[in-house]
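Coordinates as given in query-v3.pdb (PDB, C-alpha atoms):
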```pdb
ATOM      1  CA  MET A   1       0.000   0.000   0.000
ATOM      2  CA  LYS A   2       1.567   3.207  -1.131
ATOM      3  CA  GLU A   3       0.964   6.702   0.192
ATOM      4  CA  MET A   4      -1.010   9.112  -1.939
ATOM      5  CA  GLU A   5      -1.406  12.864  -1.763
ATOM      6  CA  THR A   6      -3.771  15.572  -2.882
ATOM      7  CA  ASN A   7      -3.378  19.330  -2.519
ATOM      8  CA  ARG A   8      -4.359  19.249   1.164
ATOM      9  CA  LEU A   9      -4.389  15.600   2.167
ATOM     10  CA  LYS A  10      -2.230  12.550   2.635
ATOM     11  CA  LEU A  11      -3.799   9.094   2.249
ATOM     12  CA  ARG A  12      -1.774   6.397   3.954
ATOM     13  CA  ARG A  13      -1.936   3.093   5.751
ATOM     14  CA  PHE A  14      -3.256   3.208   9.304
ATOM     15  CA  VAL A  15      -0.785   3.163  12.186
ATOM     16  CA  PRO A  16      -1.684   2.025  15.724
ATOM     17  CA  GLN A  17      -1.442   5.607  17.017
ATOM     18  CA  ASP A  18      -4.430   6.557  14.826
ATOM     19  CA  TRP A  19      -6.763   5.119  17.454
ATOM     20  CA  GLU A  20      -7.265   8.506  19.124
ATOM     21  CA  ASP A  21      -8.334  10.236  15.930
ATOM     22  CA  LEU A  22     -10.450   7.207  15.005
ATOM     23  CA  TYR A  23     -12.144   7.360  18.401
ATOM     24  CA  GLU A  24     -12.988  11.048  17.889
ATOM     25  CA  TYR A  25     -15.447  10.161  15.153
ATOM     26  CA  LEU A  26     -16.343   6.468  15.512
ATOM     27  CA  SER A  27     -17.555   7.115  19.065
ATOM     28  CA  ASP A  28     -20.140   9.590  17.709
ATOM     29  CA  PRO A  29     -23.627   8.046  17.209
ATOM     30  CA  ASP A  30     -24.404  10.494  14.383
ATOM     31  CA  VAL A  31     -21.300   9.412  12.455
ATOM     32  CA  VAL A  32     -22.108   5.692  12.584
ATOM     33  CA  LEU A  33     -25.858   6.141  12.075
ATOM     34  CA  PHE A  34     -25.682   4.752   8.521
ATOM     35  CA  GLU A  35     -22.855   2.290   9.112
ATOM     36  CA  PRO A  36     -23.183  -1.475   9.721
ATOM     37  CA  TYR A  37     -21.723  -1.107  13.224
ATOM     38  CA  ASP A  38     -22.457   0.735  16.436
ATOM     39  CA  VAL A  39     -20.318   3.361  18.160
ATOM     40  CA  PHE A  40     -16.809   2.244  19.057
ATOM     41  CA  THR A  41     -15.376   2.318  22.551
ATOM     42  CA  LYS A  42     -11.855   3.541  23.232
ATOM     43  CA  GLU A  43     -10.641  -0.064  23.480
ATOM     44  CA  GLU A  44     -12.355  -1.014  20.208
ATOM     45  CA  CYS A  45     -10.678   1.919  18.449
ATOM     46  CA  ILE A  46      -7.283   0.827  19.775
ATOM     47  CA  ASP A  47      -7.910  -2.679  18.413
ATOM     48  CA  GLU A  48      -9.321  -1.364  15.130
ATOM     49  CA  ALA A  49      -6.358   0.944  14.472
ATOM     50  CA  ILE A  50      -3.994  -1.973  15.071
ATOM     51  CA  ARG A  51      -6.061  -4.277  12.826
ATOM     52  CA  ARG A  52      -6.115  -1.697  10.030
ATOM     53  CA  SER A  53      -2.352  -1.168  10.333
ATOM     54  CA  GLU A  54      -1.526  -4.842   9.803
ATOM     55  CA  GLY A  55      -1.900  -7.441   7.109
ATOM     56  CA  GLU A  56      -2.629  -7.514   3.414
ATOM     57  CA  PRO A  57      -4.780  -6.826   1.625
ATOM     58  CA  ASN A  58      -5.512  -3.679   3.545
ATOM     59  CA  HIS A  59      -8.655  -1.888   2.412
ATOM     60  CA  PHE A  60      -8.600   1.162   4.697
ATOM     61  CA  TRP A  61      -6.828   4.417   3.884
ATOM     62  CA  ALA A  62      -6.276   6.894   6.711
ATOM     63  CA  VAL A  63      -6.998  10.410   5.441
ATOM     64  CA  CYS A  64      -4.738  12.995   7.080
ATOM     65  CA  LEU A  65      -4.284  16.725   6.757
ATOM     66  CA  LYS A  66      -0.899  17.452   5.199
ATOM     67  CA  GLU A  67      -0.357  20.482   7.422
ATOM     68  CA  ASN A  68      -0.333  18.588  10.727
ATOM     69  CA  GLU A  69      -0.831  14.835  10.009
ATOM     70  CA  LYS A  70      -4.205  14.870  11.827
ATOM     71  CA  MET A  71      -6.284  11.905  10.684
ATOM     72  CA  ILE A  72      -9.723  13.281   9.805
ATOM     73  CA  GLY A  73     -11.385  10.206   8.340
ATOM     74  CA  HIS A  74     -10.858   7.105   6.289
ATOM     75  CA  VAL A  75     -11.719   5.667   2.908
ATOM     76  CA  TYR A  76     -12.496   2.017   2.281
ATOM     77  CA  PHE A  77     -11.489   0.673  -1.137
ATOM     78  CA  ALA A  78     -11.623  -3.026  -1.965
ATOM     79  CA  GLN A  79     -11.936  -5.266  -4.983
ATOM     80  CA  LYS A  80     -15.121  -7.311  -5.178
ATOM     81  CA  GLU A  81     -15.414 -10.894  -6.375
ATOM     82  CA  PRO A  82     -15.273 -12.220  -9.006
ATOM     83  CA  TYR A  83     -11.924 -10.492  -9.407
ATOM     84  CA  GLU A  84     -11.842 -10.898 -13.181
ATOM     85  CA  PHE A  85     -14.700  -8.349 -13.373
ATOM     86  CA  LYS A  86     -12.287  -5.696 -12.031
ATOM     87  CA  THR A  87     -14.966  -4.114  -9.847
ATOM     88  CA  TRP A  88     -13.962  -2.137  -6.762
ATOM     89  CA  MET A  89     -16.066  -0.625  -3.972
ATOM     90  CA  ILE A  90     -15.476   2.720  -2.297
ATOM     91  CA  GLY A  91     -16.810   3.944   1.053
ATOM     92  CA  TYR A  92     -15.855   6.666   3.503
ATOM     93  CA  VAL A  93     -16.359   7.910   7.045
ATOM     94  CA  PHE A  94     -15.143  11.320   8.232
ATOM     95  CA  ASN A  95     -14.871  13.267  11.462
ATOM     96  CA  PRO A  96     -17.766  15.793  11.593
ATOM     97  CA  SER A  97     -15.374  18.455  12.875
ATOM     98  CA  PHE A  98     -14.027  18.514   9.325
ATOM     99  CA  TYR A  99     -17.303  18.425   7.373
ATOM    100  CA  GLY A 100     -17.982  21.134   4.834
ATOM    101  CA  HIS A 101     -14.407  21.608   3.605
ATOM    102  CA  GLY A 102     -14.475  19.171   0.675
ATOM    103  CA  TYR A 103     -12.027  16.731   2.281
ATOM    104  CA  ALA A 104     -14.159  13.624   1.653
ATOM    105  CA  THR A 105     -14.613  14.611  -1.988
ATOM    106  CA  GLU A 106     -10.893  15.344  -2.391
ATOM    107  CA  ALA A 107      -9.854  12.019  -0.833
ATOM    108  CA  SER A 108     -12.440  10.036  -2.799
ATOM    109  CA  LYS A 109     -11.358  11.642  -6.090
ATOM    110  CA  ARG A 110      -7.813  10.501  -5.355
ATOM    111  CA  ILE A 111      -9.029   6.976  -4.651
ATOM    112  CA  LEU A 112     -10.939   6.906  -7.964
ATOM    113  CA  GLU A 113      -7.774   7.997  -9.757
ATOM    114  CA  TYR A 114      -5.813   5.261  -7.976
ATOM    115  CA  GLY A 115      -8.480   2.682  -8.797
ATOM    116  CA  PHE A 116      -8.680   3.422 -12.486
ATOM    117  CA  ASN A 117      -5.044   4.323 -13.189
ATOM    118  CA  ASP A 118      -3.078   2.058 -10.832
ATOM    119  CA  LYS A 119      -5.443  -0.853 -10.187
ATOM    120  CA  LYS A 120      -6.921  -0.843 -13.710
ATOM    121  CA  ALA A 121     -10.473  -1.057 -12.380
ATOM    122  CA  HIS A 122     -13.219  -1.487 -14.938
ATOM    123  CA  ARG A 123     -15.923  -0.312 -12.553
ATOM    124  CA  ILE A 124     -16.067   1.360  -9.136
ATOM    125  CA  ILE A 125     -19.257   1.048  -7.106
ATOM    126  CA  ALA A 126     -20.685   2.556  -3.917
ATOM    127  CA  GLY A 127     -23.827   2.471  -1.836
ATOM    128  CA  ALA A 128     -25.532   5.066   0.325
ATOM    129  CA  ASN A 129     -28.560   5.049   2.572
ATOM    130  CA  VAL A 130     -31.330   7.113   0.946
ATOM    131  CA  LYS A 131     -31.654   9.061   4.221
ATOM    132  CA  ASN A 132     -27.996  10.123   4.004
ATOM    133  CA  PRO A 133     -27.978  12.845   1.322
ATOM    134  CA  ALA A 134     -24.482  14.029   2.296
ATOM    135  CA  SER A 135     -23.123  10.650   1.216
ATOM    136  CA  TRP A 136     -25.035  10.197  -2.022
ATOM    137  CA  ARG A 137     -24.435  13.804  -3.060
ATOM    138  CA  LEU A 138     -20.716  13.204  -2.612
ATOM    139  CA  LEU A 139     -20.988  10.234  -4.986
ATOM    140  CA  GLU A 140     -22.751  12.453  -7.498
ATOM    141  CA  ARG A 141     -19.990  15.080  -7.183
ATOM    142  CA  LEU A 142     -17.607  12.290  -8.165
ATOM    143  CA  SER A 143     -19.685  11.863 -11.357
ATOM    144  CA  MET A 144     -20.865   8.450 -10.250
ATOM    145  CA  ARG A 145     -24.168   7.359 -11.751
ATOM    146  CA  ARG A 146     -27.103   6.260  -9.609
ATOM    147  CA  GLU A 147     -27.962   2.802 -10.890
ATOM    148  CA  ALA A 148     -30.567   1.624  -8.427
ATOM    149  CA  HIS A 149     -32.853   2.489  -5.570
ATOM    150  CA  MET A 150     -32.984  -0.695  -3.539
ATOM    151  CA  ILE A 151     -36.056  -1.027  -1.328
ATOM    152  CA  GLU A 152     -35.537  -2.486   2.157
ATOM    153  CA  ASN A 153     -32.412  -4.284   0.976
ATOM    154  CA  ALA A 154     -30.437  -4.238   4.228
ATOM    155  CA  PHE A 155     -30.621  -3.801   7.976
ATOM    156  CA  PHE A 156     -27.991  -3.083  10.593
ATOM    157  CA  THR A 157     -30.220  -2.987  13.673
ATOM    158  CA  THR A 158     -33.243  -4.754  15.059
ATOM    159  CA  THR A 159     -36.162  -3.870  17.280
ATOM    160  CA  THR A 160     -36.163  -4.972  20.911
ATOM    161  CA  GLU A 161     -38.160  -8.001  19.714
ATOM    162  CA  GLY A 162     -35.389  -8.891  17.253
ATOM    163  CA  HIS A 163     -37.178  -7.811  14.073
ATOM    164  CA  PRO A 164     -34.981  -6.215  11.396
ATOM    165  CA  ILE A 165     -35.228  -2.464  10.850
ATOM    166  CA  TRP A 166     -34.886  -2.398   7.073
ATOM    167  CA  HIS A 167     -33.545   0.533   5.103
ATOM    168  CA  ASP A 168     -33.395   1.564   1.461
ATOM    169  CA  SER A 169     -30.178   2.361  -0.349
ATOM    170  CA  TYR A 170     -28.984   3.929  -3.556
ATOM    171  CA  HIS A 171     -26.360   2.132  -5.593
ATOM    172  CA  TYR A 172     -23.848   4.112  -7.660
ATOM    173  CA  ALA A 173     -21.163   3.235 -10.192
ATOM    174  CA  ILE A 174     -18.695   4.707 -12.626
ATOM    175  CA  LEU A 175     -16.949   2.852 -15.441
ATOM    176  CA  SER A 176     -13.351   3.432 -16.472
ATOM    177  CA  SER A 177     -14.592   4.707 -19.858
ATOM    178  CA  GLU A 178     -16.833   7.257 -18.093
ATOM    179  CA  TYR A 179     -14.052   8.267 -15.731
ATOM    180  CA  ASN A 180     -11.656   8.862 -18.617
ATOM    181  CA  LYS A 181     -14.206  11.147 -20.334
ATOM    182  CA  ILE A 182     -14.815  13.284 -17.241
ATOM    183  CA  ASN A 183     -11.353  13.067 -15.689
ATOM    184  CA  ASP A 184     -10.620  16.713 -16.395
ATOM    185  CA  LYS A 185     -13.754  17.719 -14.450
ATOM    186  CA  LEU A 186     -12.656  15.770 -11.382
TER     187      LEU A 186
END
```
In structure tokens, what does this structure look like?
Amino acid sequence: MKEMETNRLKLRRFVPQDWEDLYEYLSDPDVVLFEPYDVFTKEECIDEAIRRSEGEPNHFWAVCLKENEKMIGHVYFAQKEPYEFKTWMIGYVFNPSFYGHGYATEASKRILEYGFNDKKAHRIIAGANVKNPASWRLLERLSMRREAHMIENAFFTTTTEGHPIWHDSYHYAILSSEYNKINDKL
């Protein structure tokens, strides 16, 4: 896993010391509201930072400000099976203290570039809860195309009786041919 840079950001492999920055945002219920996990404890963030710093393949990129190395979020980027289809999935979670500055868009643009140019992806996909417009608007800023509105296709929580609380999601994609045509806009 190589390091990557943008004008303001550095994308790198996690290091164990990232747990504190990770805890700043993964302990926030609003941040994990649309994620398939609950808030993280301090101990879980310590373990998660270590886990993300080890092993291959590693699908998590720590997103840091160049000016001070502060980790402000992360991007998930992984190839989906079957591998011969050359399809990759992107996802992201950021610290709300840094919302509204375009950091998630900037980091995600760099990941798309990496995916298409370095990994030779044919297609990059993403999903977003329909009730999370900040996420799906980001995907649209990346020139990804909404391909589907999936009705009650997933659940991450259940009622006290154990019944699933279903949610809808939008599915997005961009092909390498589309990316190459709009690359100058990104």
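Put simply, the PyMOL selection byres ((chain A and resi 96-112) around 7) in this file takes in Thr6, Ile72, Phe94, Asn95, Glu113, Tyr114, Gly115, Phe116, Leu138, Leu142 and Leu186 of chain A.
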Near region 32-42 of chain A, counting all atoms listed in the file, which residues have an atom at most 7 Å away, once you skip same-chain residues fewer than 5 positions from it, shown as a short mmCIF file (atom, residue, chain, number, x, y, z; two decimals) with C-alpha atoms, in the frame of the given file?
```cif
data_model
loop_
_atom_site.label_atom_id
_atom_site.label_comp_id
_atom_site.auth_asym_id
_atom_site.auth_seq_id
_atom_site.Cartn_x
_atom_site.Cartn_y
_atom_site.Cartn_z
CA TYR A 23 -12.14 7.36 18.40
CA LEU A 26 -16.34 6.47 15.51
CA SER A 27 -17.56 7.12 19.07
CA ASN A 129 -28.56 5.05 2.57
CA PHE A 156 -27.99 -3.08 10.59
#
```
Worksheet item: What does the PyMOL selection byres ((chain A and resi 70) around 12) select in this file, as a ChimeraX atom specification?
Response: /A:8-12,14,17-22,24,62-69,71-74,95,97-98
Item to complete: Report the residues retrieved by the PyMOL selection byres ((chain A and resi 170) around 9) from the displayed file, expressed as a PyMOL selection string.
Response: chain A and resi 126-130+136+146-151+168-169+171-172
Write out, as a PDB file, in the coordinates of the input, the residues just selected, with C-alpha atoms.
```
ATOM      1  CA  ALA A 126     -20.685   2.556  -3.917  1.00  0.00           C
ATOM      2  CA  GLY A 127     -23.827   2.471  -1.836  1.00  0.00           C
ATOM      3  CA  ALA A 128     -25.532   5.066   0.325  1.00  0.00           C
ATOM      4  CA  ASN A 129     -28.560   5.049   2.572  1.00  0.00           C
ATOM      5  CA  VAL A 130     -31.330   7.113   0.946  1.00  0.00           C
ATOM      6  CA  TRP A 136     -25.035  10.197  -2.022  1.00  0.00           C
ATOM      7  CA  ARG A 146     -27.103   6.260  -9.609  1.00  0.00           C
ATOM      8  CA  GLU A 147     -27.962   2.802 -10.890  1.00  0.00           C
ATOM      9  CA  ALA A 148     -30.567   1.624  -8.427  1.00  0.00           C
ATOM     10  CA  HIS A 149     -32.853   2.489  -5.570  1.00  0.00           C
ATOM     11  CA  MET A 150     -32.984  -0.695  -3.539  1.00  0.00           C
ATOM     12  CA  ILE A 151     -36.056  -1.027  -1.328  1.00  0.00           C
ATOM     13  CA  ASP A 168     -33.395   1.564   1.461  1.00  0.00           C
ATOM     14  CA  SER A 169     -30.178   2.361  -0.349  1.00  0.00           C
ATOM     15  CA  HIS A 171     -26.360   2.132  -5.593  1.00  0.00           C
ATOM     16  CA  TYR A 172     -23.848   4.112  -7.660  1.00  0.00           C
TER      17      TYR A 172
END
```
Worksheet entry | Atom-to-atom span, CA of Gly55 (chain A) and CA of Arg13 (chain A), Å |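 Going from CA of Gly55 (chain A) over to CA of Arg13 (chain A) covers 10.6 Å.
Of note, CA of Pro82 (chain A) and CA of His122 (chain A) are spaced 12.4 Å apart.
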What box, with edges along x, y and z, holds each listed atom of region 41-51 of chain A when 8 Å is added on every side, and can you state its centre and edge lengths in Å to one decimal, as JSON?
```
{"center_x": -9.7, "center_y": -0.4, "center_z": 18.2, "size_x": 27.4, "size_y": 23.8, "size_z": 26.7}
```
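Considering the residues A:Ala154, A:Val15, A:Ile90, A:Val75 and counting only C-alpha atoms, Leu139 (chain A) has its shortest atom-to-atom contact with A:Ile90.
Between CA of Pro16 (chain A) and CA of Glu54 (chain A) the separation is 9.1 Å.
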